[in-house]
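Visitor: Could you have a look at this structure, given as structure tokens, before my questions?
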Amino acid sequence: MAKYRHQLPQLCNELFITDGGLETTLVFQDERELPCFAAFDLLKDESGYARLRAYFEDYIKLAKQHNLGFVLESATWRASTDWGTQLGYSQKELDQLNHRAIELLHELRDEYENDQAPIVISGCIGPRGDGYAPDQNMTVEEAAGYHLPQIKTLGEAAVDMVSAFTIPTVDEAIGMVQAAQTA
């Protein structure tokens with residue numbers, strides 16, 4: 001169940017931190033192959049799941065050490081339809097992996113959260129295409145329609161909030177917000 005969806009604690013003048021770049025860490029520090037820079041692909045097996053868990057635990061422990069809140073971002077930045085299709089995943093498999101990503105975050109919150117260090121679960125979404133080289137000029141309506149399935153799935157998985165990163169156009173960003181409002 002979403003714990004903070006209707007009252008995000010980071011909006012109450014409390015200090016929160018988040019992680020420092022999941023995909024970048026996995027590729028450049030761990031030297032892992034991430035097809036299409038997609039960390040969600042690690043959720044398909046137990047060793048990948050364990051690596052994601054260890055990554056998040058390092059940051060959560062840092063937050064707890066300093067009595068800071070933590071926004072726990074899911075490994076779902078590329079877990080949307082076009083990226084999933086490119087990697088060979090069906091929509092059903094993508095939905096399952098989005099759920100699995102949020103289940104991991106709920107496990108971590110259950111294990112580590114305390115009153116001094118609340119943990120907010122955020123479902124991370126990313127751009128339809130390459131955020132650094134925009135090649136798709138969607139309308140607001142197209143963007144809302146594209147992002148709605150993933151946002152709905154994350155909502156069903158009980159995220160507290162949804163975050164969007166590396167969005168190349170204003171229309172896509174507005175469409176994401178509209179999809180979130182719909183979901």
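To be explicit about the labels: the chains of the structure tokens are called A, B, and onward in the order shown, and within each one the residues are counted from 1, while ligands get numbers from 1 in the order they are shown.
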Give me the residues near A:Ile102 as a PyMOL selection string, where near means some atom within 12 Å (using only C-alpha atoms) and where sequence neighbours in that chain fewer than 4 positions away do not count.
Guide: chain A and resi 1-2+40+43+49+52-53+72-76+95-98+106-109+120-124+153-162
Visitor: Taking N, CA, C and O atoms for each residue, export the selection above as a compact mmCIF listing (two decimals), in the first residue's frame.
Guide:
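The result, written out as selection-v4.txt:
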# COMPACT_ATOMS: atom_id res chain seq x y z
N MET A 1 0.83 -1.18 0.00
CA MET A 1 0.00 0.00 0.00
C MET A 1 0.88 1.25 0.00
O MET A 1 1.91 1.30 0.66
N ALA A 2 0.48 2.26 -0.73
CA ALA A 2 1.20 3.53 -0.75
C ALA A 2 1.07 4.19 0.61
O ALA A 2 -0.02 4.39 1.11
N PHE A 40 16.15 -1.92 -15.36
CA PHE A 40 15.06 -2.84 -15.03
C PHE A 40 15.34 -4.24 -15.54
O PHE A 40 14.83 -5.23 -14.99
N LEU A 43 16.17 -7.00 -13.10
CA LEU A 43 15.13 -7.61 -12.26
C LEU A 43 14.69 -8.98 -12.75
O LEU A 43 13.95 -9.67 -12.05
N TYR A 49 18.68 -8.70 -9.19
CA TYR A 49 17.83 -8.20 -8.10
C TYR A 49 18.70 -7.89 -6.87
O TYR A 49 18.57 -6.82 -6.27
N LEU A 52 20.75 -4.69 -7.41
CA LEU A 52 19.93 -3.49 -7.23
C LEU A 52 19.67 -3.24 -5.75
O LEU A 52 19.78 -2.12 -5.27
N ARG A 53 19.37 -4.28 -5.03
CA ARG A 53 19.12 -4.16 -3.59
C ARG A 53 20.36 -3.58 -2.88
O ARG A 53 20.25 -2.66 -2.08
N LEU A 72 13.34 6.85 -2.58
CA LEU A 72 13.83 5.62 -3.19
C LEU A 72 13.25 5.52 -4.60
O LEU A 72 12.05 5.28 -4.78
N GLU A 73 14.09 5.76 -5.61
CA GLU A 73 13.67 5.76 -7.02
C GLU A 73 13.76 4.35 -7.60
O GLU A 73 14.79 3.70 -7.49
N SER A 74 12.72 3.91 -8.25
CA SER A 74 12.71 2.57 -8.82
C SER A 74 13.62 2.48 -10.05
O SER A 74 13.94 3.47 -10.69
N ALA A 75 13.99 1.26 -10.36
CA ALA A 75 14.86 0.98 -11.51
C ALA A 75 14.03 0.83 -12.78
O ALA A 75 14.25 -0.07 -13.58
N THR A 76 13.07 1.73 -12.98
CA THR A 76 12.10 1.58 -14.07
C THR A 76 12.17 2.71 -15.10
O THR A 76 11.25 2.89 -15.89
N ASP A 95 4.98 -5.06 -17.30
CA ASP A 95 4.14 -4.80 -16.12
C ASP A 95 4.67 -5.58 -14.91
O ASP A 95 4.77 -5.03 -13.81
N GLN A 96 5.03 -6.84 -15.12
CA GLN A 96 5.56 -7.66 -14.03
C GLN A 96 6.87 -7.09 -13.49
O GLN A 96 7.08 -7.06 -12.28
N LEU A 97 7.74 -6.64 -14.38
CA LEU A 97 9.02 -6.08 -13.94
C LEU A 97 8.84 -4.74 -13.24
O LEU A 97 9.55 -4.43 -12.28
N ASN A 98 7.90 -3.92 -13.71
CA ASN A 98 7.60 -2.68 -12.99
C ASN A 98 7.10 -3.00 -11.58
O ASN A 98 7.52 -2.35 -10.61
N HIS A 106 9.53 -1.66 -1.59
CA HIS A 106 8.70 -1.90 -0.39
C HIS A 106 9.45 -2.77 0.62
O HIS A 106 9.39 -2.51 1.83
N GLU A 107 10.16 -3.78 0.14
CA GLU A 107 10.97 -4.61 1.02
C GLU A 107 12.01 -3.77 1.76
O GLU A 107 12.20 -3.91 2.97
N LEU A 108 12.68 -2.91 1.01
CA LEU A 108 13.70 -2.05 1.61
C LEU A 108 13.09 -1.09 2.62
O LEU A 108 13.65 -0.88 3.71
N ARG A 109 11.97 -0.50 2.29
CA ARG A 109 11.32 0.42 3.24
C ARG A 109 10.92 -0.34 4.50
O ARG A 109 11.15 0.14 5.61
N VAL A 120 10.38 7.37 1.03
CA VAL A 120 9.32 7.59 0.06
C VAL A 120 9.63 6.75 -1.18
O VAL A 120 10.75 6.78 -1.69
N ILE A 121 8.65 6.00 -1.66
CA ILE A 121 8.83 5.16 -2.84
C ILE A 121 8.36 5.91 -4.07
O ILE A 121 7.20 6.31 -4.17
N SER A 122 9.29 6.08 -5.01
CA SER A 122 9.03 6.82 -6.24
C SER A 122 9.15 5.89 -7.45
O SER A 122 10.17 5.23 -7.61
N GLY A 123 8.13 5.90 -8.26
CA GLY A 123 8.18 5.16 -9.52
C GLY A 123 8.81 6.05 -10.58
O GLY A 123 8.28 7.09 -10.93
N CYS A 124 9.95 5.65 -11.07
CA CYS A 124 10.72 6.45 -12.01
C CYS A 124 10.30 6.14 -13.44
O CYS A 124 10.26 4.99 -13.85
N THR A 153 0.58 1.18 -13.93
CA THR A 153 1.20 -0.01 -13.32
C THR A 153 1.95 0.37 -12.05
O THR A 153 1.84 -0.31 -11.03
N LEU A 154 2.70 1.46 -12.10
CA LEU A 154 3.43 1.90 -10.90
C LEU A 154 2.45 2.28 -9.79
O LEU A 154 2.69 1.97 -8.62
N GLY A 155 1.36 2.93 -10.15
CA GLY A 155 0.34 3.27 -9.16
C GLY A 155 -0.27 2.04 -8.52
O GLY A 155 -0.46 1.97 -7.30
N GLU A 156 -0.57 1.04 -9.34
CA GLU A 156 -1.11 -0.22 -8.83
C GLU A 156 -0.12 -0.92 -7.90
O GLU A 156 -0.52 -1.63 -6.99
N ALA A 157 1.17 -0.72 -8.16
CA ALA A 157 2.21 -1.32 -7.33
C ALA A 157 2.44 -0.54 -6.04
O ALA A 157 3.30 -0.89 -5.25
N ALA A 158 1.68 0.53 -5.84
CA ALA A 158 1.67 1.31 -4.60
C ALA A 158 2.89 2.21 -4.40
O ALA A 158 3.47 2.27 -3.33
N VAL A 159 3.25 2.95 -5.47
CA VAL A 159 4.26 3.99 -5.28
C VAL A 159 3.63 5.17 -4.54
O VAL A 159 2.41 5.37 -4.59
N ASP A 160 4.46 5.92 -3.87
CA ASP A 160 3.99 7.14 -3.21
C ASP A 160 3.92 8.30 -4.20
O ASP A 160 3.12 9.21 -4.05
N MET A 161 4.80 8.26 -5.19
CA MET A 161 4.88 9.34 -6.17
C MET A 161 5.51 8.79 -7.44
O MET A 161 6.05 7.68 -7.44
N VAL A 162 5.44 9.57 -8.51
CA VAL A 162 6.10 9.23 -9.76
C VAL A 162 7.06 10.37 -10.08
O VAL A 162 6.72 11.55 -9.92
Visitor: Could you pull out the strand (DSSP E) residues of stretch 63-128 of chain A from DSSP and send them as a ChimeraX atom specification?
Guide: /A:69-73,119-125
Visitor: To test your reading of the structure, identify every residue in chain A that backbone DSSP assigns to helix (DSSP H, G or I), and report it as a ChimeraX atom specification.
Guide: /A:9-11,22-29,35-37,39-44,46-65,81-86,91-112,140-156,170-182
Visitor: Just want the 8 Å neighbourhood of A:Ala117, counted on only C-alpha atoms, with same-chain residues fewer than 3 positions away dropped. Output as a list in words.
Guide: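 Close residues of A:Ala117: Ala63, Lys64, Asn67, Leu68, Gly69, Phe70, Glu113 and Asn114 of chain A.
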Visitor: With N, CA, C and O atoms kept, could you save the residues just selected as a PDB file, in the first residue's frame?
Guide:
ATOM      1  N   ALA A  63      21.539   7.676   4.464  1.00  0.00           N
ATOM      2  CA  ALA A  63      20.438   8.532   4.933  1.00  0.00           C
ATOM      3  C   ALA A  63      20.145   8.263   6.410  1.00  0.00           C
ATOM      4  O   ALA A  63      19.994   9.206   7.199  1.00  0.00           O
ATOM      5  N   LYS A  64      20.067   7.007   6.778  1.00  0.00           N
ATOM      6  CA  LYS A  64      19.777   6.661   8.178  1.00  0.00           C
ATOM      7  C   LYS A  64      20.884   7.156   9.114  1.00  0.00           C
ATOM      8  O   LYS A  64      20.605   7.649  10.205  1.00  0.00           O
ATOM      9  N   ASN A  67      20.125  10.610   9.816  1.00  0.00           N
ATOM     10  CA  ASN A  67      18.718  10.870  10.143  1.00  0.00           C
ATOM     11  C   ASN A  67      18.027  11.722   9.071  1.00  0.00           C
ATOM     12  O   ASN A  67      17.332  12.687   9.385  1.00  0.00           O
ATOM     13  N   LEU A  68      18.236  11.338   7.841  1.00  0.00           N
ATOM     14  CA  LEU A  68      17.621  12.031   6.710  1.00  0.00           C
ATOM     15  C   LEU A  68      16.579  11.129   6.064  1.00  0.00           C
ATOM     16  O   LEU A  68      16.708   9.908   6.068  1.00  0.00           O
ATOM     17  N   GLY A  69      15.581  11.746   5.490  1.00  0.00           N
ATOM     18  CA  GLY A  69      14.635  10.989   4.697  1.00  0.00           C
ATOM     19  C   GLY A  69      15.268  10.571   3.399  1.00  0.00           C
ATOM     20  O   GLY A  69      16.320  11.091   2.988  1.00  0.00           O
ATOM     21  N   PHE A  70      14.635   9.621   2.743  1.00  0.00           N
ATOM     22  CA  PHE A  70      15.189   9.098   1.506  1.00  0.00           C
ATOM     23  C   PHE A  70      14.074   8.903   0.486  1.00  0.00           C
ATOM     24  O   PHE A  70      13.032   8.325   0.792  1.00  0.00           O
ATOM     25  N   GLU A 113      13.131   1.707   7.187  1.00  0.00           N
ATOM     26  CA  GLU A 113      12.504   2.970   7.559  1.00  0.00           C
ATOM     27  C   GLU A 113      12.311   3.072   9.074  1.00  0.00           C
ATOM     28  O   GLU A 113      12.014   2.091   9.743  1.00  0.00           O
ATOM     29  N   ASN A 114      12.507   4.297   9.586  1.00  0.00           N
ATOM     30  CA  ASN A 114      12.142   4.602  10.966  1.00  0.00           C
ATOM     31  C   ASN A 114      11.591   6.031  10.998  1.00  0.00           C
ATOM     32  O   ASN A 114      11.556   6.713   9.981  1.00  0.00           O
TER      33      ASN A 114
END
Visitor: For each of A:Cys36, A:Ala164, A:Ala133, A:Leu104, take the minimum atom-to-atom distance to A:Phe56, counting only C-alpha atoms, then give the residue where this is smallest.
Guide: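 Of the candidates, the smallest distance to A:Phe56 is held by A:Leu104.
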Visitor: Identify, on the basis of only C-alpha atoms, every residue whose closest approach to A:Pro9 does not exceed 10 Å; exclude the query and any residue fewer than 4 positions from it along the same chain; express the result as a PyMOL selection string.
Guide: chain A and resi 4-5+13-16+69-71+118-120
Visitor: So which one's closest to A:Gly131, A:Arg32, A:Arg51, A:His6, A:Arg78? Using only C-alpha atoms, please.
Guide: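 Selected residue with least distance to A:Gly131: A:Arg78.
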Visitor: How many Å separate atom CA of A:Ala144 from atom CA of A:Ala173?
Guide: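 Going from atom CA of A:Ala144 over to atom CA of A:Ala173, I get 8.8 Å.
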Visitor: Quick one, how far is atom CA of A:Asp115 from atom CA of A:Ile60?
Guide: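 Interatomic distance, atom CA of A:Asp115 to atom CA of A:Ile60: 13.8 Å.
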Visitor: Might you pull out every residue within 12 Å of A:Gly48, with only C-alpha atoms counted and same-chain residues fewer than 6 positions away left off, and present them as a list in words?
Guide: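 Once the adjacent positions are removed, what remains is Leu26, Asp30, Arg32, Glu33, Leu34, Ala38, Ala39, Phe40, Asp41, Leu42, Ala54, Tyr55, Ala75, Arg100, Ala101 and Leu104 of chain A.
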Visitor: Show me, as a list in words, the residues that have an atom within 8 Å of A:Tyr132 when counting only C-alpha atoms, minus same-chain residues fewer than 2 positions from it.
Guide: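 Within the cut-off, the hits are Asp130, Pro134, Thr166 and Pro168 of chain A.
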Visitor: Just to confirm, what's the straight-line distance from atom CA of A:Glu111 to atom CA of A:Glu31 in Å (one decimal)?
Guide: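 Taking atom CA of A:Glu111 as the start and atom CA of A:Glu31 as the end point, the length is 28.4 Å.
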